[in-house]
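So the structure is just underneath, and the comments pick up after that.
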Amino acid sequence: MLRPKLIVLAVLVCVGLWLSWGMAIAAHSLEDQGTIPPAHHCALVRWLRLGGGPTLASLARGQDLYVGTAVNLKALERDRQYRRRLAQEFNLVTAENDMKLERLQPRRNQFDFSQADRLLAFAADHQMAVRGHTLLWHRAVPDWLEQQDWSRAELMAILENHIKTVVGRYRGQIAAWDVVNEAIADDSTLRDTFWLRGIGPDYIEMAFRWAHEADPDALLMYNDYGGEGLNAKSDAIYELVQSLRSRDVPIHGVGLQMHVQANAAPSSQEVAANMARLADLGLQAQITEMDVRIRQPSTPGDADQQADIYRAMLQTCLEAENCNTFVTWGFSDRYSWVPGYFEGWGEALIFDQDYRAKPAYHSLLNLLADYSTSDANQNGAD
Ligand code: XIL
């Protein structure tokens, strides 16, 4: 009987707190700046579990795991439900597009950090870590850069300036940087890009060295898709990072993007073996952009098949000695890039269009809960 009374008391105290903040300044503007403590931040409510059950983020903390998602900054601004879910479920964010070169430097030497700063402010308000994505990619290169003939020296100066300005600005605030993104092509050779043509193959090592100079403590990653399991592409990625390591280039890990199909995902064994060989090189492995796309229209078994893949990949990360980060490329099908990019595919994320949790969400939550329980049992046995 004591507990219901405590719950009522807690609600009253929290409502009182909420109202007193609200009298000072209009509520919605404060909430956007993160100044009002949202309900789940009230310690009493949290203690009594009034804010609901466990979330991915609350369970991840016990596993020293970052469970993250890419953020659509427009949705963050406009969609209250989006903000709420994001704050509840994740302890790491990355910008889906707003830290790419064309966004951060839309004109030569004129940087626009407004959106990236908003993301970092949201992350700080909600005690979330941030991944930086991405310093160098063959896409998202603005016209001013791509449509001019630069000398090698000029292009190197532009790249060095971009990397040092961006990494320097956020020094100490980024958990890991995707320094180079997708430099290996699908035929496993170095991708023929603007950067390769203009600078030569050593553009990769230069990018890592400049990033390291700008933030010597930052974790610097090579990030790519299609090389999650064991195949020609992951071999090529392995050889690239091995060669960088052997020349003392400051690289600390490999991001496995994990944009996969529900009917053709890599096996846990392969991904585990790939992570293990990276660990042997002294490198971290992270799952950086996971989504599991389903052929449209979907059929009844698809959501469960998708859930099994999400679960298997999170478990592989948890079991690997060098994986502490699991990031999905968005969280609600409302904003996923998949239908626009892969024609005939969709439903790739863990919440549906209306933020209802899908089997994939429950599979991740249950897996983390299982790990917490088995940790608790082990500690009890000690
Ligand atoms: C995608 C975004 O999701 C889209 O909104 C954008 O139009 C194109 O880029 N690999 C990456 C990401 O490293 O940056 C890509 O993001 C998805 C594939």
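Identifiers in this document derive from the order of the structure tokens: chains are assigned A, B, ..., residues are numbered from 1 separately in each chain, and ligands are numbered from 1 in order of occurrence.
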Selection as a CSV table (one decimal) with N, CA and C atoms, in the first residue's frame: residues within 6 Å of ligand 1 by only C-alpha atoms and all ligand atoms:
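Listing of part.csv after writing:
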chain,number,residue,atom,x,y,z
A,96,GLU,N,22.8,12.2,-39.5
A,96,GLU,CA,22.6,11.5,-40.8
A,96,GLU,C,23.2,12.2,-41.9
A,97,ASN,N,23.1,13.5,-42.0
A,97,ASN,CA,23.7,14.2,-43.1
A,97,ASN,C,24.4,15.5,-42.7
A,337,TRP,N,16.1,6.4,-44.8
A,337,TRP,CA,16.5,6.7,-46.2
A,337,TRP,C,16.2,5.6,-47.1
Running DSSP on the backbone, which parts of stretch 27-151 of chain A land in strand (DSSP E), as a list of chain:residue names?
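Selecting the strand (DSSP E) positions of stretch 27-151 of chain A gives A:Tyr66, A:Val67, A:Gly68, A:Thr69, A:Ala70, A:Val71, A:Leu92, A:Val93, A:Thr94, A:Ala95, A:Ala129, A:Val130, A:Arg131, A:Gly132, A:His133, A:Thr134, A:Leu135, A:Leu136.
Atom CA of A:Met99 is positioned 13.1 Å from atom CA of A:Val180.
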Taking the chain letters and numbering used in this document, name the residues of stretch 122-158 of chain A that DSSP puts in alpha helix (DSSP H), as a ChimeraX atom specification.
/A:122-125,143-146,152-158
So that each row is one residue of stretch 33-139 of chain A with an atom at most 9 Å from stretch 340-357 of chain A, can you give its shortest atom pair and the distance in Å to one decimal, using only C-alpha atoms, rows by chain and rising number, as a Markdown table?
| residue | atom | partner | partner_atom | distance |
| --- | --- | --- | --- | --- |
| A:Gln81 | CA | A:Tyr355 | CA | 7.8 |
| A:Tyr82 | CA | A:Tyr355 | CA | 8.0 |
| A:Arg85 | CA | A:Tyr355 | CA | 8.0 |
Per-residue nearest contacts of stretch 136-166 of chain A to stretch 192-209 of chain A (7 Å; only C-alpha atoms) as a Markdown table:
| residue | atom | partner | partner_atom | distance |
| --- | --- | --- | --- | --- |
| A:His138 | CA | A:Thr193 | CA | 5.7 |
| A:Arg152 | CA | A:Ile199 | CA | 5.2 |
| A:Leu155 | CA | A:Gly198 | CA | 6.8 |
| A:Met156 | CA | A:Ile199 | CA | 6.9 |
Residues of stretch 263-363 of chain A at most 9 Å from stretch 67-74 of chain A: nearest atom pair and distance in Å, only C-alpha atoms, as JSON lines:
{"residue": "A:Thr288", "atom": "CA", "partner": "A:Gly68", "partner_atom": "CA", "distance": 8.4}
{"residue": "A:Glu289", "atom": "CA", "partner": "A:Ala70", "partner_atom": "CA", "distance": 7.5}
{"residue": "A:Met290", "atom": "CA", "partner": "A:Thr69", "partner_atom": "CA", "distance": 8.8}
{"residue": "A:Asn324", "atom": "CA", "partner": "A:Val67", "partner_atom": "CA", "distance": 8.5}
{"residue": "A:Thr325", "atom": "CA", "partner": "A:Val67", "partner_atom": "CA", "distance": 6.0}
{"residue": "A:Phe326", "atom": "CA", "partner": "A:Val67", "partner_atom": "CA", "distance": 5.0}
{"residue": "A:Val327", "atom": "CA", "partner": "A:Gly68", "partner_atom": "CA", "distance": 4.3}
{"residue": "A:Thr328", "atom": "CA", "partner": "A:Thr69", "partner_atom": "CA", "distance": 4.7}
{"residue": "A:Trp329", "atom": "CA", "partner": "A:Ala70", "partner_atom": "CA", "distance": 4.9}
{"residue": "A:Gly330", "atom": "CA", "partner": "A:Ala70", "partner_atom": "CA", "distance": 4.8}
{"residue": "A:Phe331", "atom": "CA", "partner": "A:Thr69", "partner_atom": "CA", "distance": 6.5}
{"residue": "A:Tyr335", "atom": "CA", "partner": "A:Asn72", "partner_atom": "CA", "distance": 7.6}
With N, CA and C atoms kept, could you save the residues just selected as a compact mmCIF listing (two decimals), in the first residue's frame?
# COMPACT_ATOMS: atom_id res chain seq x y z
N THR A 288 27.93 0.74 -37.29
CA THR A 288 27.76 2.19 -37.36
C THR A 288 26.50 2.68 -38.06
N GLU A 289 25.85 1.85 -38.88
CA GLU A 289 24.70 2.38 -39.64
C GLU A 289 23.64 1.31 -39.89
N MET A 290 23.36 0.50 -38.90
CA MET A 290 22.55 -0.68 -39.20
C MET A 290 21.10 -0.33 -39.61
N ASN A 324 32.06 -1.85 -28.83
CA ASN A 324 31.26 -1.25 -27.76
C ASN A 324 30.22 -0.27 -28.30
N THR A 325 29.97 -0.32 -29.62
CA THR A 325 29.07 0.67 -30.22
C THR A 325 28.18 0.01 -31.26
N PHE A 326 26.88 0.24 -31.12
CA PHE A 326 25.89 -0.34 -32.02
C PHE A 326 24.94 0.79 -32.44
N VAL A 327 25.02 1.19 -33.69
CA VAL A 327 24.27 2.35 -34.16
C VAL A 327 23.34 1.96 -35.30
N THR A 328 22.09 2.42 -35.24
CA THR A 328 21.16 2.18 -36.35
C THR A 328 21.01 3.47 -37.17
N TRP A 329 20.71 3.30 -38.46
CA TRP A 329 20.67 4.48 -39.35
C TRP A 329 19.26 5.09 -39.33
N GLY A 330 18.97 5.76 -38.21
CA GLY A 330 17.62 6.22 -37.93
C GLY A 330 16.94 5.22 -37.01
N PHE A 331 15.75 5.56 -36.51
CA PHE A 331 15.07 4.60 -35.64
C PHE A 331 13.60 4.41 -35.99
N TYR A 335 11.27 8.19 -41.08
CA TYR A 335 12.33 9.01 -41.67
C TYR A 335 13.47 8.21 -42.31
List as JSON lines every residue of stretch 213-243 of chain A that is in contact with stretch 127-136 of chain A, defined as an atom at most 10 Å from one of its atoms (using only C-alpha atoms), together with the nearest atom pair and the distance in Å rounded to one decimal, sorted by chain and then rising number.
{"residue": "A:Leu219", "atom": "CA", "partner": "A:Arg131", "partner_atom": "CA", "distance": 9.6}
{"residue": "A:Leu220", "atom": "CA", "partner": "A:Gly132", "partner_atom": "CA", "distance": 9.6}
{"residue": "A:Met221", "atom": "CA", "partner": "A:Thr134", "partner_atom": "CA", "distance": 9.8}
{"residue": "A:Tyr222", "atom": "CA", "partner": "A:Thr134", "partner_atom": "CA", "distance": 9.8}
{"residue": "A:Asn223", "atom": "CA", "partner": "A:Thr134", "partner_atom": "CA", "distance": 8.9}
Writer output for current selection, N, CA and C atoms, as a compact mmCIF listing (two decimals), in the first residue's frame:
# COMPACT_ATOMS: atom_id res chain seq x y z
N LEU A 219 39.04 9.01 -31.29
CA LEU A 219 39.07 7.67 -31.89
C LEU A 219 38.79 7.84 -33.38
N LEU A 220 39.70 7.39 -34.22
CA LEU A 220 39.60 7.64 -35.66
C LEU A 220 39.30 6.34 -36.40
N MET A 221 38.24 6.38 -37.22
CA MET A 221 37.74 5.15 -37.83
C MET A 221 37.73 5.22 -39.36
N TYR A 222 37.90 4.06 -39.97
CA TYR A 222 37.56 3.86 -41.38
C TYR A 222 36.18 3.22 -41.41
N ASN A 223 35.26 3.73 -42.25
CA ASN A 223 33.87 3.27 -42.23
C ASN A 223 33.43 2.83 -43.62
Residues at most 9 Å from A:Ala211, counting only C-alpha atoms, excluding those fewer than 5 positions away in the same chain, as a PDB file with C-alpha atoms, in the first residue's frame?
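Here's the written file out_27.pdb:
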ATOM      1  CA  LEU A 135      35.175  13.960 -42.784  1.00  0.00           C
ATOM      2  CA  GLU A 160      43.582  19.667 -44.482  1.00  0.00           C
ATOM      3  CA  ILE A 163      39.481  18.324 -41.412  1.00  0.00           C
ATOM      4  CA  LYS A 164      41.417  20.496 -38.986  1.00  0.00           C
ATOM      5  CA  VAL A 166      35.913  20.574 -38.092  1.00  0.00           C
ATOM      6  CA  VAL A 167      37.812  18.196 -35.812  1.00  0.00           C
ATOM      7  CA  GLY A 168      39.384  21.134 -33.987  1.00  0.00           C
ATOM      8  CA  TRP A 177      35.152  10.135 -36.096  1.00  0.00           C
ATOM      9  CA  VAL A 179      37.513   9.954 -40.963  1.00  0.00           C
ATOM     10  CA  MET A 206      46.754  12.205 -44.884  1.00  0.00           C
ATOM     11  CA  PRO A 216      45.025  13.679 -30.555  1.00  0.00           C
ATOM     12  CA  ALA A 218      39.846  11.193 -30.739  1.00  0.00           C
ATOM     13  CA  LEU A 220      39.595   7.645 -35.658  1.00  0.00           C
ATOM     14  CA  PRO A 250      46.661   6.988 -36.418  1.00  0.00           C
TER      15      PRO A 250
END
What is the distance between atom CA of A:Trp144 and atom CA of A:Ala157, in Å to one decimal?
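About the pair atom CA of A:Trp144 and atom CA of A:Ala157: they are 14.8 Å apart.
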For the atom pair atom CA of A:Gly282 and atom CA of A:Leu190, what is the interatomic distance in Å to one decimal place?
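Distance reported for this atom pair: 23.0 Å.
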Find the residues near A:Arg139: any atom within 10 Å, counting only C-alpha atoms, skip ones fewer than 6 places away on the same chain, and give them as a compact mmCIF listing (two decimals) with N, CA and C atoms, in the first residue's frame.
# COMPACT_ATOMS: atom_id res chain seq x y z
N LYS A 100 28.39 16.22 -42.94
CA LYS A 100 29.11 15.91 -44.19
C LYS A 100 29.67 17.21 -44.77
N LEU A 101 30.63 17.05 -45.69
CA LEU A 101 31.37 18.23 -46.15
C LEU A 101 30.48 19.31 -46.75
N GLU A 102 29.52 18.90 -47.59
CA GLU A 102 28.69 19.93 -48.26
C GLU A 102 27.84 20.72 -47.27
N ASN A 181 35.23 7.55 -45.40
CA ASN A 181 34.01 6.77 -45.60
C ASN A 181 34.00 6.16 -47.00
N GLU A 182 33.84 4.85 -47.07
CA GLU A 182 33.57 4.15 -48.33
C GLU A 182 34.66 4.35 -49.39
N THR A 193 37.53 8.04 -57.00
CA THR A 193 36.81 9.22 -56.51
C THR A 193 37.54 10.49 -56.87
N PHE A 194 36.83 11.57 -56.67
CA PHE A 194 37.38 12.92 -56.78
C PHE A 194 38.69 13.03 -55.97
Do a neighbour search on A:Gln242 at 7 Å with only C-alpha atoms, toss out local chain neighbours closer than 4 positions, and write the hits as a list of chain:residue names.
A:Tyr238, A:Ser246, A:Leu281
Can I get the selected residues back with C-alpha atoms, as a JSON list (two decimals), in the first residue's frame?
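New file selection_39.json:
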[["chain", "number", "residue", "atom", "x", "y", "z"],
["A", 238, "TYR", "CA", 41.39, -5.41, -43.73],
["A", 246, "SER", "CA", 52.00, -0.91, -40.22],
["A", 281, "LEU", "CA", 45.42, -5.63, -35.42]]
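The closest residue to A:Glu270, picked from A:Leu230, A:Ala369, A:Leu120, A:Val338 and counting only C-alpha atoms, is A:Leu230.
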Report as a PyMOL selection string all protein, DNA and RNA residues lying within 8 Å of stretch 251-264 of chain A, evaluated on only C-alpha atoms, omitting residues in the same chain fewer than 2 positions from it.
chain A and resi 178+208+219-228+241+244-245+249+266+278+282-294+302+305-306+309
Between A:Gln315, A:Asn161, A:Ser58, A:Asn91, which is the closest to A:Ala124 once you count only C-alpha atoms?
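Of the candidates, the smallest distance to A:Ala124 is held by A:Asn91.
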